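One structure is given below, encoded as structure tokens.
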Amino acid sequence: MGASEVCLADMRYALFLLALTSLLGQQNRPSGEPGKFDYYVLSLSWSPAFCEGPSGARSVDQCGPGRQFAFVLHGLWPQYENGRWPEACSTAPGLKDPKQMLDIMPALGLIRHEWQKHGTCSGLDADGYFALARKAFQGVRIPARFQAPKEYLNVSPREVQQEFVKANAGWSEKTLSVQCSSQYLSEVRVCLDRNLKAMACRGAPRGCRAEKVRMPPVRQ
Ligand code: U2P
């Protein structure tokens, strides 16, 4: 091999390493400073859809026998006005007793992950952040028919949005978006100001475009 071929091979290898490290670095790459953000997105996940999905079988805490979750707390996410968000802002310690959140956030791995990725950007310590997340979750009135359905619901994202608006004083259709994953409703995402007051989402969050989505019943 000539010197120029060795050099080319080295360059290719260096480029490969660069691509690999940037790919691996996508997850929880630090960005942002604790407390520097504009508003929150409160993300509520439809647990029965998660449990029917590919990760459900592995998630005994959330989907095992006797687990009867409906909407659960996925996370409270600091956001920027431009539709982006900070991530992994510090290495501050998480909750000493994460089990205290399991009633509304039903997996220890999720609690840990949400703290590292989003909570550390809130400017609060872990106790303060999860207390705020609980308050935000409890502040949402879940429309009656989504509290514990016993049968599959086939709904349009727009009707879900409208029902949440009707159930929650001060909300408009801009306060929330409905997310879907394959044929399921996966999440409802609500925009809240830093005092947890409902507000119009910024940065045009993209909602579910499906005409109808399925909501599996709460597990019996
Ligand atoms: O939507 C897929 C995943 O992207 C992350 N997300 C999305 C919107 C947003 O405003 N902030 C945000 O972080 C979520 O990742 P997770 O917290 O689950 O790691 C969401 O699940």
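Identifiers in the structure tokens: chain A, B, ... in order shown; residue index from 1 per chain; ligand index from 1 in order shown.
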Exercise for review: Name the residues in contact with A:Cys51 at a cut-off of 7 Å, using only C-alpha atoms, excluding same-chain residues fewer than 5 positions from it; report them as number ranges by chain.
Suggested key: A: 56-57, 63
Produce a table with one row for each residue of chain A that has an atom at most 7 Å from any atom of ligand 1, each row naming the nearest atom pair and its distance in Å at one decimal; use only C-alpha atoms and all ligand atoms; arrange rows by chain and rising residue number; format as CSV.
```
residue,atom,partner,partner_atom_place_in_ligand_line,distance
A:Val41,CA,ligand 1,10 (O),6.3
A:Gly75,CA,ligand 1,17 (O),6.5
A:Trp77,CA,ligand 1,11 (N),6.0
A:Gln79,CA,ligand 1,10 (O),6.5
A:Arg84,CA,ligand 1,10 (O),6.8
A:Trp85,CA,ligand 1,11 (N),6.1
A:Glu114,CA,ligand 1,17 (O),5.8
A:Lys117,CA,ligand 1,17 (O),6.7
A:His118,CA,ligand 1,17 (O),7.0
```
Exercise for review: Fewer than 6 positions away in the same chain doesn't count, so skip those; otherwise give me all residues within 6 Å of A:Val178, counting only C-alpha atoms, as a PyMOL selection string.
Suggested key: chain A and resi 157+187-188+207-208
Take the residues from that selection and write them out as a PDB file, in the first residue's frame, keeping all heavy atoms.
```
ATOM      1  N   PRO A 157     -58.006  11.898  16.729  1.00  0.00           N
ATOM      2  CA  PRO A 157     -57.172  12.763  17.569  1.00  0.00           C
ATOM      3  C   PRO A 157     -57.885  14.078  17.907  1.00  0.00           C
ATOM      4  O   PRO A 157     -57.777  14.574  19.017  1.00  0.00           O
ATOM      5  CB  PRO A 157     -55.930  13.000  16.705  1.00  0.00           C
ATOM      6  CG  PRO A 157     -55.862  11.807  15.809  1.00  0.00           C
ATOM      7  CD  PRO A 157     -57.282  11.407  15.554  1.00  0.00           C
ATOM      8  N   GLU A 187     -49.871   9.400  23.216  1.00  0.00           N
ATOM      9  CA  GLU A 187     -49.679  10.431  24.237  1.00  0.00           C
ATOM     10  C   GLU A 187     -50.584  11.636  24.018  1.00  0.00           C
ATOM     11  O   GLU A 187     -50.996  11.908  22.881  1.00  0.00           O
ATOM     12  CB  GLU A 187     -48.249  10.969  24.179  1.00  0.00           C
ATOM     13  CG  GLU A 187     -47.213   9.934  24.441  1.00  0.00           C
ATOM     14  CD  GLU A 187     -45.900  10.523  24.921  1.00  0.00           C
ATOM     15  OE1 GLU A 187     -45.674  11.732  24.762  1.00  0.00           O
ATOM     16  OE2 GLU A 187     -45.120   9.756  25.464  1.00  0.00           O
ATOM     17  N   VAL A 188     -50.797  12.345  25.098  1.00  0.00           N
ATOM     18  CA  VAL A 188     -51.363  13.692  25.029  1.00  0.00           C
ATOM     19  C   VAL A 188     -50.300  14.613  25.623  1.00  0.00           C
ATOM     20  O   VAL A 188     -49.771  14.334  26.706  1.00  0.00           O
ATOM     21  CB  VAL A 188     -52.680  13.771  25.839  1.00  0.00           C
ATOM     22  CG1 VAL A 188     -53.100  15.206  26.061  1.00  0.00           C
ATOM     23  CG2 VAL A 188     -53.784  13.008  25.118  1.00  0.00           C
ATOM     24  N   GLY A 207     -48.932  17.129  15.614  1.00  0.00           N
ATOM     25  CA  GLY A 207     -49.810  16.147  16.236  1.00  0.00           C
ATOM     26  C   GLY A 207     -50.015  14.949  15.332  1.00  0.00           C
ATOM     27  O   GLY A 207     -49.491  14.904  14.218  1.00  0.00           O
ATOM     28  N   CYS A 208     -50.805  14.020  15.820  1.00  0.00           N
ATOM     29  CA  CYS A 208     -51.110  12.794  15.076  1.00  0.00           C
ATOM     30  C   CYS A 208     -51.956  13.131  13.845  1.00  0.00           C
ATOM     31  O   CYS A 208     -52.947  13.845  13.951  1.00  0.00           O
ATOM     32  CB  CYS A 208     -51.885  11.876  16.021  1.00  0.00           C
ATOM     33  SG  CYS A 208     -52.467  10.391  15.238  1.00  0.00           S
TER      34      CYS A 208
END
```
Exercise for review: Could you please write out, as an MDAnalysis selection string, every residue of chain A that DSSP assigns to strand (DSSP E)?
Suggested key: chainID A and resid 39:46 71:79 153:155 176:181 184:192 213:215
Point to revise | Who sits within 9 Å of A:Leu95, only C-alpha atoms, same chain under 5 positions skipped, as a ChimeraX atom specification | key: /A:100,111-112,115,125-127,130
Check your understanding: Neighbours of A:Pro149 within 8 Å (only C-alpha atoms; same-chain residues fewer than 3 positions away dropped), as a VMD selection string?
Key -> chain A and resid 145 to 146 152 to 153 217 to 218
Would you save the residues of that selection, restricted to all heavy atoms, as a PDB file, in the first residue's frame?
```
ATOM      1  N   ARG A 145     -64.480   9.402  29.964  1.00  0.00           N
ATOM      2  CA  ARG A 145     -64.433   8.122  29.250  1.00  0.00           C
ATOM      3  C   ARG A 145     -63.002   7.595  29.034  1.00  0.00           C
ATOM      4  O   ARG A 145     -62.802   6.480  28.576  1.00  0.00           O
ATOM      5  CB  ARG A 145     -65.186   8.203  27.928  1.00  0.00           C
ATOM      6  CG  ARG A 145     -64.535   8.986  26.850  1.00  0.00           C
ATOM      7  CD  ARG A 145     -65.267   8.643  25.558  1.00  0.00           C
ATOM      8  NE  ARG A 145     -64.848   9.517  24.503  1.00  0.00           N
ATOM      9  CZ  ARG A 145     -64.739   9.127  23.243  1.00  0.00           C
ATOM     10  NH1 ARG A 145     -65.063   7.892  22.920  1.00  0.00           N
ATOM     11  NH2 ARG A 145     -64.357   9.965  22.326  1.00  0.00           N
ATOM     12  N   PHE A 146     -61.994   8.433  29.380  1.00  0.00           N
ATOM     13  CA  PHE A 146     -60.612   7.946  29.279  1.00  0.00           C
ATOM     14  C   PHE A 146     -60.034   7.567  30.647  1.00  0.00           C
ATOM     15  O   PHE A 146     -58.851   7.293  30.776  1.00  0.00           O
ATOM     16  CB  PHE A 146     -59.701   9.008  28.640  1.00  0.00           C
ATOM     17  CG  PHE A 146     -60.189   9.494  27.305  1.00  0.00           C
ATOM     18  CD1 PHE A 146     -60.185  10.852  26.995  1.00  0.00           C
ATOM     19  CD2 PHE A 146     -60.658   8.597  26.345  1.00  0.00           C
ATOM     20  CE1 PHE A 146     -60.643  11.306  25.765  1.00  0.00           C
ATOM     21  CE2 PHE A 146     -61.124   9.043  25.113  1.00  0.00           C
ATOM     22  CZ  PHE A 146     -61.118  10.397  24.823  1.00  0.00           C
ATOM     23  N   TYR A 152     -62.031  -1.389  23.901  1.00  0.00           N
ATOM     24  CA  TYR A 152     -61.249  -0.584  22.954  1.00  0.00           C
ATOM     25  C   TYR A 152     -62.040   0.648  22.533  1.00  0.00           C
ATOM     26  O   TYR A 152     -63.236   0.547  22.239  1.00  0.00           O
ATOM     27  CB  TYR A 152     -60.932  -1.398  21.693  1.00  0.00           C
ATOM     28  CG  TYR A 152     -59.722  -2.275  21.869  1.00  0.00           C
ATOM     29  CD1 TYR A 152     -59.834  -3.534  22.429  1.00  0.00           C
ATOM     30  CD2 TYR A 152     -58.456  -1.818  21.497  1.00  0.00           C
ATOM     31  CE1 TYR A 152     -58.719  -4.329  22.613  1.00  0.00           C
ATOM     32  CE2 TYR A 152     -57.337  -2.609  21.674  1.00  0.00           C
ATOM     33  CZ  TYR A 152     -57.474  -3.851  22.237  1.00  0.00           C
ATOM     34  OH  TYR A 152     -56.377  -4.630  22.436  1.00  0.00           O
ATOM     35  N   LEU A 153     -61.363   1.789  22.483  1.00  0.00           N
ATOM     36  CA  LEU A 153     -61.980   2.991  21.937  1.00  0.00           C
ATOM     37  C   LEU A 153     -61.320   3.282  20.592  1.00  0.00           C
ATOM     38  O   LEU A 153     -60.101   3.097  20.432  1.00  0.00           O
ATOM     39  CB  LEU A 153     -61.743   4.188  22.869  1.00  0.00           C
ATOM     40  CG  LEU A 153     -62.273   4.062  24.297  1.00  0.00           C
ATOM     41  CD1 LEU A 153     -61.849   5.271  25.134  1.00  0.00           C
ATOM     42  CD2 LEU A 153     -63.795   3.940  24.280  1.00  0.00           C
ATOM     43  N   PRO A 217     -58.223  -0.877  26.169  1.00  0.00           N
ATOM     44  CA  PRO A 217     -58.794  -0.662  27.521  1.00  0.00           C
ATOM     45  C   PRO A 217     -57.742  -0.797  28.599  1.00  0.00           C
ATOM     46  O   PRO A 217     -56.684  -1.367  28.372  1.00  0.00           O
ATOM     47  CB  PRO A 217     -59.825  -1.803  27.626  1.00  0.00           C
ATOM     48  CG  PRO A 217     -59.347  -2.849  26.679  1.00  0.00           C
ATOM     49  CD  PRO A 217     -58.637  -2.137  25.574  1.00  0.00           C
ATOM     50  N   VAL A 218     -58.075  -0.249  29.751  1.00  0.00           N
ATOM     51  CA  VAL A 218     -57.222  -0.463  30.925  1.00  0.00           C
ATOM     52  C   VAL A 218     -57.179  -1.947  31.222  1.00  0.00           C
ATOM     53  O   VAL A 218     -58.205  -2.637  31.139  1.00  0.00           O
ATOM     54  CB  VAL A 218     -57.781   0.368  32.121  1.00  0.00           C
ATOM     55  CG1 VAL A 218     -57.207  -0.094  33.439  1.00  0.00           C
ATOM     56  CG2 VAL A 218     -57.495   1.851  31.891  1.00  0.00           C
TER      57      VAL A 218
END
```
Point to revise | Residues within 6 Å of stretch 165-174 of chain A, only C-alpha atoms, excluding chain neighbours under 6 positions, as a PyMOL selection string | key: chain A and resi 141+143+200-201
Practice item. Using atom CA of A:His113 and atom CA of A:Gln147 as the two end points, give the distance in Å to one decimal. Key: 26.1 Å
Close residues, A:Ser156 itself excluded, 7 Å, only C-alpha atoms, min 5 positions apart in chain, as a PDB file with N, CA and C atoms, in the first residue's frame:
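Dumped to selection_28.pdb:
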```pdb
ATOM      1  N   GLU A 211     -56.568   9.486  10.933  1.00  0.00           N
ATOM      2  CA  GLU A 211     -57.977   9.857  11.107  1.00  0.00           C
ATOM      3  C   GLU A 211     -58.538   9.286  12.389  1.00  0.00           C
ATOM      4  N   LYS A 212     -58.226   8.028  12.615  1.00  0.00           N
ATOM      5  CA  LYS A 212     -58.701   7.348  13.834  1.00  0.00           C
ATOM      6  C   LYS A 212     -57.545   6.595  14.461  1.00  0.00           C
ATOM      7  N   VAL A 213     -57.566   6.532  15.772  1.00  0.00           N
ATOM      8  CA  VAL A 213     -56.551   5.742  16.480  1.00  0.00           C
ATOM      9  C   VAL A 213     -57.238   4.894  17.548  1.00  0.00           C
TER      10      VAL A 213
END
```
Practice item. Choose the residue, out of A:Pro106, A:Gly123, A:Gly64, A:Gly203, that has the smallest atom-to-atom separation from A:Leu44; count only C-alpha atoms. Key: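 That would be A:Pro106, the residue with the smallest distance to A:Leu44.
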**Study point:** DSSP helix (DSSP H, G or I) selection over stretch 40-217 of chain A, as an NGL selection string
**Key:** :A and (47-52 or 56-58 or 60-63 or 98-101 or 108-117 or 119-121 or 126-138 or 144-146 or 157-167)
Review point. How many Å separate atom CA of A:Ile104 from atom CA of A:Phe69?
Key: 8.2 Å
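Of the residues listed (A:Asp103, A:Gly32, A:Gly53, A:Gly66), A:Gly32 shows the shortest atom-to-atom separation from A:Ala88; distances use only C-alpha atoms.
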